[in-house]
file entry.pdb (PDB, C-alpha atoms)
ATOM      1  CA  MET C 189     -71.330 -34.497 -35.610
ATOM      2  CA  PRO C 190     -72.005 -31.819 -32.996
ATOM      3  CA  GLN C 191     -69.517 -28.974 -32.793
ATOM      4  CA  SER C 192     -68.889 -29.624 -29.104
ATOM      5  CA  VAL C 193     -67.798 -33.203 -29.857
ATOM      6  CA  LEU C 194     -65.245 -31.981 -32.405
ATOM      7  CA  VAL C 195     -63.919 -29.420 -29.968
ATOM      8  CA  ASN C 196     -63.573 -32.014 -27.212
ATOM      9  CA  ARG C 197     -61.819 -34.408 -29.593
ATOM     10  CA  ARG C 198     -59.316 -31.731 -30.646
ATOM     11  CA  GLU C 199     -58.744 -30.838 -27.003
ATOM     12  CA  ARG C 200     -58.044 -34.485 -26.127
ATOM     13  CA  MET C 201     -55.643 -34.750 -29.055
ATOM     14  CA  ARG C 202     -53.856 -31.557 -27.972
ATOM     15  CA  ARG C 203     -53.516 -32.820 -24.423
ATOM     16  CA  GLY C 204     -52.331 -36.174 -25.711
ATOM     17  CA  ARG C 205     -49.545 -34.486 -27.659
ATOM     18  CA  GLY C 206     -48.516 -32.638 -24.465
ATOM     19  CA  SER C 207     -45.884 -29.934 -24.268
ATOM     20  CA  LEU C 208     -43.817 -29.329 -27.410
ATOM     21  CA  GLY C 209     -46.156 -31.614 -29.299
ATOM     22  CA  ILE C 210     -44.263 -34.788 -28.312
ATOM     23  CA  GLY C 211     -46.840 -36.366 -26.072
ATOM     24  CA  THR C 212     -47.365 -36.090 -22.354
ATOM     25  CA  ARG C 213     -45.469 -39.271 -21.551
ATOM     26  CA  ASN C 214     -42.516 -38.374 -23.780
ATOM     27  CA  TRP C 215     -42.430 -34.855 -22.333
ATOM     28  CA  LYS C 216     -42.219 -36.223 -18.775
ATOM     29  CA  GLN C 217     -39.390 -38.550 -19.773
ATOM     30  CA  LEU C 218     -37.528 -35.731 -21.534
ATOM     31  CA  ARG C 219     -37.942 -33.426 -18.567
ATOM     32  CA  ALA C 220     -36.667 -36.134 -16.190
ATOM     33  CA  LEU C 221     -33.665 -36.712 -18.454
ATOM     34  CA  VAL C 222     -32.795 -33.005 -18.597
ATOM     35  CA  LEU C 223     -33.100 -32.658 -14.824
ATOM     36  CA  THR C 224     -30.950 -35.752 -14.273
ATOM     37  CA  VAL C 225     -28.219 -34.426 -16.565
ATOM     38  CA  LEU C 226     -28.266 -31.007 -14.895
ATOM     39  CA  ILE C 227     -28.097 -32.557 -11.421
ATOM     40  CA  ALA C 228     -25.222 -34.786 -12.533
ATOM     41  CA  TRP C 229     -23.325 -31.774 -13.915
ATOM     42  CA  ASN C 230     -23.978 -29.864 -10.707
ATOM     43  CA  VAL C 231     -22.653 -32.732  -8.578
ATOM     44  CA  LEU C 232     -19.565 -33.078 -10.764
ATOM     45  CA  GLY C 233     -19.055 -29.321 -10.702
ATOM     46  CA  ALA C 234     -19.133 -29.313  -6.908
ATOM     47  CA  TYR C 235     -16.762 -32.262  -6.597
ATOM     48  CA  PRO C 236     -13.536 -31.008  -4.975
ATOM     49  CA  THR C 237     -10.276 -31.283  -6.876
ATOM     50  CA  PRO C 238      -6.828 -31.561  -5.249
ATOM     51  CA  GLY C 239      -5.906 -28.070  -6.423
ATOM     52  CA  ASP C 240      -2.963 -26.755  -8.403
ATOM     53  CA  VAL C 241      -0.115 -29.172  -7.684
ATOM     54  CA  THR C 242       3.286 -29.301  -9.381
ATOM     55  CA  GLU C 243       6.479 -31.179  -8.592
ATOM     56  CA  GLU C 244       8.237 -27.845  -8.123
ATOM     57  CA  LYS C 245       5.778 -26.756  -5.413
ATOM     58  CA  LEU C 246       6.323 -30.048  -3.585
ATOM     59  CA  LYS C 247      10.046 -29.254  -3.290
ATOM     60  CA  GLU C 248       9.547 -26.054  -1.301
ATOM     61  CA  GLY C 249       8.949 -25.169   2.330
ATOM     62  CA  VAL C 250       6.191 -26.914   4.260
ATOM     63  CA  ALA C 251       5.160 -29.024   1.256
ATOM     64  CA  LYS C 252       8.627 -30.589   1.089
ATOM     65  CA  LYS C 253       8.593 -31.413   4.801
ATOM     66  CA  GLU C 254       5.102 -32.892   4.525
ATOM     67  CA  LEU C 255       6.141 -34.991   1.524
ATOM     68  CA  ASP C 256       9.160 -36.326   3.458
ATOM     69  CA  ARG C 257       6.868 -37.302   6.330
ATOM     70  CA  TRP C 258       4.612 -39.235   3.953
ATOM     71  CA  VAL C 259       7.621 -41.038   2.526
ATOM     72  CA  GLN C 260       8.563 -42.169   6.027
ATOM     73  CA  ARG C 261       4.998 -43.284   6.761
ATOM     74  CA  LEU C 262       4.754 -45.323   3.558
ATOM     75  CA  ARG C 263       8.139 -46.901   4.116
ATOM     76  CA  GLY C 264       6.901 -47.931   7.549
ATOM     77  CA  PHE C 265       4.207 -49.979   5.743
ATOM     78  CA  GLY C 266       6.791 -51.547   3.440
ATOM     79  CA  VAL C 267       6.202 -49.283   0.411
ATOM     80  CA  ASP C 268       9.437 -48.621  -1.471
ATOM     81  CA  THR C 269       9.297 -44.966  -2.502
ATOM     82  CA  ASP C 270      11.121 -41.675  -2.167
ATOM     83  CA  ALA C 271      10.199 -37.982  -2.253
ATOM     84  CA  GLN C 272      10.781 -37.650  -5.995
ATOM     85  CA  ARG C 273       8.648 -40.621  -7.028
ATOM     86  CA  LEU C 274       5.885 -39.891  -4.535
ATOM     87  CA  GLY C 275       5.808 -36.237  -5.543
ATOM     88  CA  ARG C 276       5.609 -37.110  -9.237
ATOM     89  CA  TRP C 277       2.790 -39.607  -8.604
ATOM     90  CA  TYR C 278       0.777 -37.147  -6.532
ATOM     91  CA  ALA C 279       1.204 -34.311  -9.035
ATOM     92  CA  ASP C 280       0.069 -36.605 -11.890
ATOM     93  CA  PHE C 281      -2.886 -37.846  -9.819
ATOM     94  CA  ALA C 282      -4.027 -34.341  -8.848
ATOM     95  CA  ASN C 283      -3.686 -32.920 -12.353
ATOM     96  CA  GLY C 284      -5.401 -35.981 -13.834
ATOM     97  CA  ILE C 285      -8.495 -35.468 -11.675
ATOM     98  CA  THR C 286      -8.577 -31.782 -12.602
ATOM     99  CA  ALA C 287      -8.261 -32.605 -16.317
ATOM    100  CA  VAL C 288     -11.129 -35.131 -16.167
ATOM    101  CA  ARG C 289     -13.370 -32.655 -14.372
ATOM    102  CA  THR C 290     -12.533 -29.908 -16.875
ATOM    103  CA  PHE C 291     -13.343 -32.218 -19.807
ATOM    104  CA  VAL C 292     -16.671 -33.394 -18.367
ATOM    105  CA  MET C 293     -17.757 -29.864 -17.435
ATOM    106  CA  ALA C 294     -16.725 -28.284 -20.763
ATOM    107  CA  PRO C 295     -20.213 -28.417 -22.403
ATOM    108  CA  ILE C 296     -21.942 -26.535 -19.570
ATOM    109  CA  GLN C 297     -19.073 -24.413 -18.266
ATOM    110  CA  PRO C 298     -19.871 -21.381 -20.509
ATOM    111  CA  ILE C 299     -23.423 -21.307 -19.104
ATOM    112  CA  MET C 300     -22.129 -21.499 -15.533
ATOM    113  CA  ASP C 301     -19.611 -18.742 -16.219
ATOM    114  CA  PHE C 302     -22.303 -16.526 -17.741
ATOM    115  CA  THR C 303     -24.781 -17.062 -14.901
ATOM    116  CA  GLY C 304     -22.189 -17.085 -12.114
ATOM    117  CA  THR C 305     -23.354 -20.492 -10.850
ATOM    118  CA  GLN C 306     -20.005 -22.266 -10.718
ATOM    119  CA  GLN C 307     -19.886 -24.912  -8.030
ATOM    120  CA  GLY C 308     -16.225 -25.875  -8.191
ATOM    121  CA  TRP C 309     -13.895 -25.652  -5.234
ATOM    122  CA  ARG C 310     -10.479 -27.014  -4.482
ATOM    123  CA  LEU C 311      -9.029 -28.769  -1.492
ATOM    124  CA  PHE C 312      -6.102 -27.242   0.329
ATOM    125  CA  SER C 313      -3.552 -29.526  -1.292
ATOM    126  CA  LEU C 314      -0.620 -27.407  -0.113
ATOM    127  CA  PRO C 315      -0.429 -25.083   2.886
ATOM    128  CA  ASN C 316      -0.343 -21.398   2.084
ATOM    129  CA  GLU C 317       2.873 -20.133   3.642
ATOM    130  CA  ARG C 318       2.285 -16.554   2.514
ATOM    131  CA  PRO C 319      -1.302 -15.619   3.350
ATOM    132  CA  HIS C 320      -2.704 -12.128   2.891
ATOM    133  CA  VAL C 321      -4.194  -9.994   5.636
ATOM    134  CA  LEU C 322      -6.825  -7.380   4.819
ATOM    135  CA  ARG C 323      -6.024  -3.973   6.318
ATOM    136  CA  VAL C 324      -8.226  -0.889   6.312
ATOM    137  CA  ILE C 325      -6.398   2.310   7.205
ATOM    138  CA  GLY C 326      -7.923   5.697   7.923
ATOM    139  CA  GLU C 327      -5.945   8.917   7.621
ATOM    140  CA  ARG C 328      -6.742  12.261   9.250
ATOM    141  CA  LYS C 329      -4.415  15.265   9.284
ATOM    142  CA  LYS C 330      -1.604  13.083   7.911
ATOM    143  CA  LYS C 331      -1.926  10.600  10.781
ATOM    144  CA  ARG C 332      -2.728   7.010   9.829
ATOM    145  CA  ARG C 333      -4.588   4.508  11.969
ATOM    146  CA  VAL C 334      -5.399   0.887  11.198
ATOM    147  CA  LEU C 335      -9.145   0.428  11.565
ATOM    148  CA  TYR C 336      -9.398  -3.214  10.613
ATOM    149  CA  GLU C 337      -6.908  -6.054  10.298
ATOM    150  CA  THR C 338      -7.632  -9.726   9.728
ATOM    151  CA  TRP C 339      -7.142 -11.878  12.846
ATOM    152  CA  SER C 340      -6.628  -8.810  15.041
ATOM    153  CA  THR C 341      -8.520  -8.632  18.318
ATOM    154  CA  SER C 342      -8.213  -4.848  18.626
ATOM    155  CA  ARG C 343      -8.572  -3.612  15.044
ATOM    156  CA  THR C 344     -12.112  -4.792  14.379
ATOM    157  CA  PHE C 345     -13.933  -1.879  12.722
ATOM    158  CA  LEU C 346     -16.688  -3.371  10.493
ATOM    159  CA  GLY C 347     -15.369  -6.773  11.550
ATOM    160  CA  SER C 348     -18.782  -8.468  11.600
ATOM    161  CA  THR C 349     -19.154  -7.630   7.911
ATOM    162  CA  LEU C 350     -15.607  -8.200   6.715
ATOM    163  CA  GLU C 351     -15.241 -11.578   8.415
ATOM    164  CA  PHE C 352     -18.414 -13.003   6.847
ATOM    165  CA  ARG C 353     -17.279 -15.782   4.522
ATOM    166  CA  ARG C 354     -19.174 -14.526   1.479
ATOM    167  CA  VAL C 355     -17.619 -11.098   1.898
ATOM    168  CA  ARG C 356     -14.135 -12.602   2.230
ATOM    169  CA  ALA C 357     -14.567 -14.106  -1.225
ATOM    170  CA  LEU C 358     -14.704 -10.579  -2.664
ATOM    171  CA  TYR C 359     -11.129  -9.775  -1.685
ATOM    172  CA  ASN C 360      -9.332 -12.941  -0.590
ATOM    173  CA  PRO C 361      -6.587 -13.478  -3.221
ATOM    174  CA  SER C 362      -5.431 -16.656  -4.907
ATOM    175  CA  SER C 363      -1.965 -17.341  -6.273
ATOM    176  CA  GLN C 364      -2.932 -15.245  -9.330
ATOM    177  CA  GLY C 365      -3.972 -12.241  -7.237
ATOM    178  CA  PRO C 366      -7.265 -10.894  -5.877
ATOM    179  CA  PRO C 367     -10.582 -11.623  -7.608
ATOM    180  CA  ASN C 368     -11.993  -9.186 -10.156
ATOM    181  CA  THR C 369     -14.406  -7.978  -7.484
ATOM    182  CA  TYR C 370     -11.581  -6.526  -5.392
ATOM    183  CA  ASP C 371     -11.589  -3.002  -6.866
ATOM    184  CA  GLY C 372     -15.338  -2.600  -6.439
ATOM    185  CA  PHE C 373     -15.151  -4.094  -2.952
ATOM    186  CA  ALA C 374     -12.423  -1.663  -1.893
ATOM    187  CA  ARG C 375     -14.369   1.306  -3.277
ATOM    188  CA  ARG C 376     -17.596   0.319  -1.533
ATOM    189  CA  LEU C 377     -15.736  -0.402   1.702
ATOM    190  CA  SER C 378     -14.201   3.081   1.661
ATOM    191  CA  GLU C 379     -17.686   4.552   1.241
ATOM    192  CA  ARG C 380     -18.894   2.606   4.284
ATOM    193  CA  VAL C 381     -15.951   3.863   6.318
ATOM    194  CA  PHE C 382     -16.579   7.496   5.304
ATOM    195  CA  GLU C 383     -20.243   7.113   6.241
ATOM    196  CA  GLN C 384     -19.337   6.144   9.796
ATOM    197  CA  LYS C 385     -16.150   8.188  10.117
ATOM    198  CA  PRO C 386     -16.721  11.395   8.124
ATOM    199  CA  GLU C 387     -13.793  13.104   9.874
ATOM    200  CA  LEU C 388     -11.269  11.031   7.864
ATOM    201  CA  ASP C 389      -9.388  12.593   4.952
ATOM    202  CA  SER C 390      -8.719   9.299   3.131
ATOM    203  CA  VAL C 391      -9.210   5.552   3.426
ATOM    204  CA  THR C 392      -6.703   2.947   2.248
ATOM    205  CA  VAL C 393      -7.583  -0.684   1.589
ATOM    206  CA  LEU C 394      -4.731  -3.139   1.050
ATOM    207  CA  LEU C 395      -3.684  -6.770   1.355
ATOM    208  CA  GLU C 396      -0.587  -7.354   3.466
ATOM    209  CA  GLN C 397       1.331 -10.539   2.664
ATOM    210  CA  ARG C 398       3.065 -12.368   5.490
ATOM    211  CA  HIS C 399       5.212 -15.470   5.808
ATOM    212  CA  THR C 400       3.737 -18.079   8.133
ATOM    213  CA  THR C 401       6.341 -20.282   9.822
ATOM    214  CA  LEU C 402       5.946 -23.701  11.409
ATOM    215  CA  PRO C 403       5.578 -24.131  15.182
ATOM    216  CA  GLY C 404       8.975 -23.852  16.810
ATOM    217  CA  GLU C 405      10.438 -21.776  13.983
ATOM    218  CA  PRO C 406      11.243 -18.075  14.467
ATOM    219  CA  GLU C 407       8.646 -15.602  13.227
ATOM    220  CA  ASP C 408       9.393 -13.901   9.936
ATOM    221  CA  PRO C 409       8.962 -10.134  10.480
ATOM    222  CA  LYS C 410       8.873  -9.324   6.775
ATOM    223  CA  ARG C 411       5.639  -7.733   5.528
ATOM    224  CA  GLU C 412       4.659  -6.626   2.035
ATOM    225  CA  GLU C 413       1.761  -4.310   1.259
ATOM    226  CA  ARG C 414       0.075  -5.310  -2.005
ATOM    227  CA  PHE C 415      -2.930  -4.264  -4.070
ATOM    228  CA  VAL C 416      -3.110  -0.889  -2.336
ATOM    229  CA  GLN C 417      -6.232   1.209  -3.015
ATOM    230  CA  THR C 418      -6.440   4.733  -1.550
ATOM    231  CA  PHE C 419      -9.641   6.764  -1.679
ATOM    232  CA  PRO C 420      -9.628  10.475  -0.737
ATOM    233  CA  LYS C 421     -12.673  12.009   0.847
ATOM    234  CA  ALA C 422     -15.116  13.351  -1.698
ATOM    235  CA  LYS C 423     -15.240  17.132  -1.857
TER     236      LYS C 423
END
call {"tool": "encode", "arguments": {"input": "entry.pdb", "output": "structure tokens"}}
result
Amino acid sequence: MPQSVLVNRRERMRRGRGSLGIGTRNWKQLRALVLTVLIAWNVLGAYPTPGDVTEEKLKEGVAKKELDRWVQRLRGFGVDTDAQRLGRWYADFANGITAVRTFVMAPIQPIMDFTGTQQGWRLFSLPNERPHVLRVIGERKKKRRVLYETWSTSRTFLGSTLEFRRVRALYNPSSQGPPNTYDGFARRLSERVFEQKPELDSVTVLLEQRHTTLPGEPEDPKREERFVQTFPKAK
């Protein structure tokens, strides 16, 4: 048998086995299965959860008033309930969804954590009555001036950058505090400020916590400066 015939036969056999030696058809099916599983995990990972809900949180402030309104609405449709029972049901429902998602995502979660490709996000289940405001303060000759403040129409230095939603994620805190990127963000922000305002002696980056009241209620003047980072000018 000619050598070329043997070579062609071996080549056809190699191609028939396909990638990983399992055959072209089997390889296509395996690849489709892997892609389907990954897409399914990605969809489940991006599915919103109701957030961190407890019965205790539903007994405070705006959440309590909102729960009472829902009780009245449901009673208007003939549903016999009260704030305690409705709150317990909602807390169990919200935590049940979160538990199911955590269980389903457990096999791939370490990979997502390692690669930084988490898709999870939570709904605003409860209003945040104590939001944080980012403040950037410059100091020169012992005189301080606020350069940037969230929601301010006059203190807008570097506002186009700081208000970009992906930048907000670097400093916007949760109930557990700011993200682990906050320190690096504050340091880099101070460098940007010094680049454009070299006359400053120091730059302070902080998160000011405020109490948001409902419409018609008096404003709460109390302010608390938290997570303060001060950077002196490099010599």
call {"tool": "atom_distance", "arguments": {"input": "entry.pdb", "atom1": "atom CA of Ser378 of chain C", "atom2": "atom CA of Phe419 of chain C"}}
result
6.7 Å
call {"tool": "resolve_selection", "arguments": {"input": "entry.pdb", "expression": "the PyMOL selection byres ((chain C and resi 401) around 12)", "output": "list in words"}}
result
Gly249, Val250, Pro315, Asn316, Glu317, Arg318, Pro319, Arg398, His399, Thr400, Leu402, Pro403, Gly404, Glu405, Pro406, Glu407, Asp408, Pro409 and Lys410 of chain C
call {"tool": "write_last_selection", "arguments": {"input": "entry.pdb", "atoms": "C-alpha atoms", "output": "PDB file, keeping the file's coordinate frame"}}
result
ATOM      1  CA  GLY C 249       8.949 -25.169   2.330  1.00  0.00           C
ATOM      2  CA  VAL C 250       6.191 -26.914   4.260  1.00  0.00           C
ATOM      3  CA  PRO C 315      -0.429 -25.083   2.886  1.00  0.00           C
ATOM      4  CA  ASN C 316      -0.343 -21.398   2.084  1.00  0.00           C
ATOM      5  CA  GLU C 317       2.873 -20.133   3.642  1.00  0.00           C
ATOM      6  CA  ARG C 318       2.285 -16.554   2.514  1.00  0.00           C
ATOM      7  CA  PRO C 319      -1.302 -15.619   3.350  1.00  0.00           C
ATOM      8  CA  ARG C 398       3.065 -12.368   5.490  1.00  0.00           C
ATOM      9  CA  HIS C 399       5.212 -15.470   5.808  1.00  0.00           C
ATOM     10  CA  THR C 400       3.737 -18.079   8.133  1.00  0.00           C
ATOM     11  CA  LEU C 402       5.946 -23.701  11.409  1.00  0.00           C
ATOM     12  CA  PRO C 403       5.578 -24.131  15.182  1.00  0.00           C
ATOM     13  CA  GLY C 404       8.975 -23.852  16.810  1.00  0.00           C
ATOM     14  CA  GLU C 405      10.438 -21.776  13.983  1.00  0.00           C
ATOM     15  CA  PRO C 406      11.243 -18.075  14.467  1.00  0.00           C
ATOM     16  CA  GLU C 407       8.646 -15.602  13.227  1.00  0.00           C
ATOM     17  CA  ASP C 408       9.393 -13.901   9.936  1.00  0.00           C
ATOM     18  CA  PRO C 409       8.962 -10.134  10.480  1.00  0.00           C
ATOM     19  CA  LYS C 410       8.873  -9.324   6.775  1.00  0.00           C
TER      20      LYS C 410
END
call {"tool": "atom_distance", "arguments": {"input": "entry.pdb", "atom1": "atom CA of Thr290 of chain C", "atom2": "atom CA of Gly233 of chain C"}}
result
9.0 Å
call {"tool": "closest_residue", "arguments": {"input": "entry.pdb", "among": "C:Gly365, C:Pro386, C:Gly266, C:Pro238", "to": "Pro420 of chain C", "atoms": "only C-alpha atoms"}}
result
C:Pro386
call {"tool": "atom_distance", "arguments": {"input": "entry.pdb", "atom1": "atom CA of Gln364 of chain C", "atom2": "atom CA of Thr349 of chain C"}}
result
24.9 Å
call {"tool": "closest_residue", "arguments": {"input": "entry.pdb", "among": "C:Phe281, C:Asp256, C:Thr369, C:Val241", "to": "Arg356 of chain C", "atoms": "all atoms listed in the file"}}
result
C:Thr369
call {"tool": "residues_around", "arguments": {"input": "entry.pdb", "residues": "segment 323-338 of chain C", "least_positions_apart": "3", "cutoff": "8 Å", "atoms": "all atoms listed in the file", "output": "ChimeraX atom specification"}}
result
/C:343-347,351,387-396
call {"tool": "closest_residue", "arguments": {"input": "entry.pdb", "among": "C:Val416, C:Val381, C:Val225, C:Leu232", "to": "Thr286 of chain C", "atoms": "all atoms listed in the file"}}
result
C:Leu232
call {"tool": "closest_residue", "arguments": {"input": "entry.pdb", "among": "C:Lys423, C:Arg273, C:His320, C:Arg414", "to": "Val259 of chain C", "atoms": "all atoms listed in the file"}}
result
C:Arg273
call {"tool": "closest_residue", "arguments": {"input": "entry.pdb", "among": "C:Ala282, C:Leu322, C:Leu350, C:Leu218", "to": "Asp240 of chain C", "atoms": "all atoms listed in the file"}}
result
C:Ala282
call {"tool": "axis_aligned_box", "arguments": {"input": "entry.pdb", "around": "segment 240-244 of chain C", "padding_each_side": "8 Å", "output": "AutoDock Vina command-line options"}}
result
--center_x 2.6 --center_y -29.0 --center_z -8.5 --size_x 27.2 --size_y 20.4 --size_z 17.7
call {"tool": "residues_near_point", "arguments": {"input": "entry.pdb", "point": "(-18.5, -26.1, -18.9)", "cutoff": "12 Å", "atoms": "all atoms listed in the file", "output": "PyMOL selection string"}}
result
chain C and resi 226+229-230+232-233+288-308
call {"tool": "build_atoms", "arguments": {"input": "entry.pdb", "residues": "segment 358-378 of chain C", "atoms": "N, CA, C and O atoms", "output": "PDB file, keeping the file's coordinate frame"}}
result
ATOM      1  N   LEU C 358     -14.821 -11.739  -1.797  1.00  0.00           N
ATOM      2  CA  LEU C 358     -14.704 -10.579  -2.664  1.00  0.00           C
ATOM      3  C   LEU C 358     -13.285 -10.027  -2.716  1.00  0.00           C
ATOM      4  O   LEU C 358     -12.944  -9.296  -3.649  1.00  0.00           O
ATOM      5  N   TYR C 359     -12.478 -10.348  -1.712  1.00  0.00           N
ATOM      6  CA  TYR C 359     -11.129  -9.775  -1.685  1.00  0.00           C
ATOM      7  C   TYR C 359     -10.027 -10.803  -1.456  1.00  0.00           C
ATOM      8  O   TYR C 359      -8.854 -10.511  -1.724  1.00  0.00           O
ATOM      9  N   ASN C 360     -10.355 -11.963  -0.930  1.00  0.00           N
ATOM     10  CA  ASN C 360      -9.332 -12.941  -0.590  1.00  0.00           C
ATOM     11  C   ASN C 360      -8.605 -13.411  -1.848  1.00  0.00           C
ATOM     12  O   ASN C 360      -9.220 -13.975  -2.744  1.00  0.00           O
ATOM     13  N   PRO C 361      -7.292 -13.185  -1.963  1.00  0.00           N
ATOM     14  CA  PRO C 361      -6.587 -13.478  -3.221  1.00  0.00           C
ATOM     15  C   PRO C 361      -6.208 -14.941  -3.360  1.00  0.00           C
ATOM     16  O   PRO C 361      -6.098 -15.681  -2.379  1.00  0.00           O
ATOM     17  N   SER C 362      -5.996 -15.348  -4.599  1.00  0.00           N
ATOM     18  CA  SER C 362      -5.431 -16.656  -4.907  1.00  0.00           C
ATOM     19  C   SER C 362      -3.976 -16.448  -5.312  1.00  0.00           C
ATOM     20  O   SER C 362      -3.425 -15.357  -5.162  1.00  0.00           O
ATOM     21  N   SER C 363      -3.359 -17.476  -5.843  1.00  0.00           N
ATOM     22  CA  SER C 363      -1.965 -17.341  -6.273  1.00  0.00           C
ATOM     23  C   SER C 363      -1.839 -16.398  -7.466  1.00  0.00           C
ATOM     24  O   SER C 363      -0.760 -15.863  -7.732  1.00  0.00           O
ATOM     25  N   GLN C 364      -2.955 -16.159  -8.188  1.00  0.00           N
ATOM     26  CA  GLN C 364      -2.932 -15.245  -9.330  1.00  0.00           C
ATOM     27  C   GLN C 364      -3.288 -13.805  -8.941  1.00  0.00           C
ATOM     28  O   GLN C 364      -3.279 -12.919  -9.782  1.00  0.00           O
ATOM     29  N   GLY C 365      -3.610 -13.578  -7.659  1.00  0.00           N
ATOM     30  CA  GLY C 365      -3.972 -12.241  -7.237  1.00  0.00           C
ATOM     31  C   GLY C 365      -5.411 -12.195  -6.743  1.00  0.00           C
ATOM     32  O   GLY C 365      -6.100 -13.212  -6.683  1.00  0.00           O
ATOM     33  N   PRO C 366      -5.895 -11.010  -6.389  1.00  0.00           N
ATOM     34  CA  PRO C 366      -7.265 -10.894  -5.877  1.00  0.00           C
ATOM     35  C   PRO C 366      -8.292 -11.113  -6.975  1.00  0.00           C
ATOM     36  O   PRO C 366      -7.981 -10.982  -8.163  1.00  0.00           O
ATOM     37  N   PRO C 367      -9.528 -11.438  -6.603  1.00  0.00           N
ATOM     38  CA  PRO C 367     -10.582 -11.623  -7.608  1.00  0.00           C
ATOM     39  C   PRO C 367     -10.931 -10.306  -8.290  1.00  0.00           C
ATOM     40  O   PRO C 367     -10.570  -9.227  -7.820  1.00  0.00           O
ATOM     41  N   ASN C 368     -11.649 -10.402  -9.407  1.00  0.00           N
ATOM     42  CA  ASN C 368     -11.993  -9.186 -10.156  1.00  0.00           C
ATOM     43  C   ASN C 368     -13.011  -8.315  -9.427  1.00  0.00           C
ATOM     44  O   ASN C 368     -13.338  -7.230  -9.896  1.00  0.00           O
ATOM     45  N   THR C 369     -13.487  -8.787  -8.296  1.00  0.00           N
ATOM     46  CA  THR C 369     -14.406  -7.978  -7.484  1.00  0.00           C
ATOM     47  C   THR C 369     -13.662  -7.095  -6.490  1.00  0.00           C
ATOM     48  O   THR C 369     -14.289  -6.299  -5.778  1.00  0.00           O
ATOM     49  N   TYR C 370     -12.342  -7.218  -6.438  1.00  0.00           N
ATOM     50  CA  TYR C 370     -11.581  -6.526  -5.392  1.00  0.00           C
ATOM     51  C   TYR C 370     -11.686  -5.011  -5.505  1.00  0.00           C
ATOM     52  O   TYR C 370     -11.885  -4.320  -4.495  1.00  0.00           O
ATOM     53  N   ASP C 371     -11.547  -4.459  -6.706  1.00  0.00           N
ATOM     54  CA  ASP C 371     -11.589  -3.002  -6.866  1.00  0.00           C
ATOM     55  C   ASP C 371     -12.925  -2.433  -6.405  1.00  0.00           C
ATOM     56  O   ASP C 371     -12.981  -1.438  -5.678  1.00  0.00           O
ATOM     57  N   GLY C 372     -14.018  -3.056  -6.854  1.00  0.00           N
ATOM     58  CA  GLY C 372     -15.338  -2.600  -6.439  1.00  0.00           C
ATOM     59  C   GLY C 372     -15.554  -2.774  -4.943  1.00  0.00           C
ATOM     60  O   GLY C 372     -16.179  -1.920  -4.295  1.00  0.00           O
ATOM     61  N   PHE C 373     -15.041  -3.872  -4.397  1.00  0.00           N
ATOM     62  CA  PHE C 373     -15.151  -4.094  -2.952  1.00  0.00           C
ATOM     63  C   PHE C 373     -14.428  -3.001  -2.176  1.00  0.00           C
ATOM     64  O   PHE C 373     -14.965  -2.455  -1.207  1.00  0.00           O
ATOM     65  N   ALA C 374     -13.205  -2.684  -2.598  1.00  0.00           N
ATOM     66  CA  ALA C 374     -12.423  -1.663  -1.893  1.00  0.00           C
ATOM     67  C   ALA C 374     -13.116  -0.304  -1.963  1.00  0.00           C
ATOM     68  O   ALA C 374     -13.162   0.437  -0.963  1.00  0.00           O
ATOM     69  N   ARG C 375     -13.685   0.014  -3.126  1.00  0.00           N
ATOM     70  CA  ARG C 375     -14.369   1.306  -3.277  1.00  0.00           C
ATOM     71  C   ARG C 375     -15.602   1.379  -2.365  1.00  0.00           C
ATOM     72  O   ARG C 375     -15.818   2.379  -1.673  1.00  0.00           O
ATOM     73  N   ARG C 376     -16.395   0.324  -2.372  1.00  0.00           N
ATOM     74  CA  ARG C 376     -17.596   0.319  -1.533  1.00  0.00           C
ATOM     75  C   ARG C 376     -17.235   0.320  -0.048  1.00  0.00           C
ATOM     76  O   ARG C 376     -17.896   0.977   0.769  1.00  0.00           O
ATOM     77  N   LEU C 377     -16.167  -0.376   0.313  1.00  0.00           N
ATOM     78  CA  LEU C 377     -15.736  -0.402   1.702  1.00  0.00           C
ATOM     79  C   LEU C 377     -15.312   0.992   2.151  1.00  0.00           C
ATOM     80  O   LEU C 377     -15.641   1.416   3.270  1.00  0.00           O
ATOM     81  N   SER C 378     -14.604   1.720   1.303  1.00  0.00           N
ATOM     82  CA  SER C 378     -14.201   3.081   1.661  1.00  0.00           C
ATOM     83  C   SER C 378     -15.428   3.975   1.870  1.00  0.00           C
ATOM     84  O   SER C 378     -15.443   4.821   2.778  1.00  0.00           O
TER      85      SER C 378
END
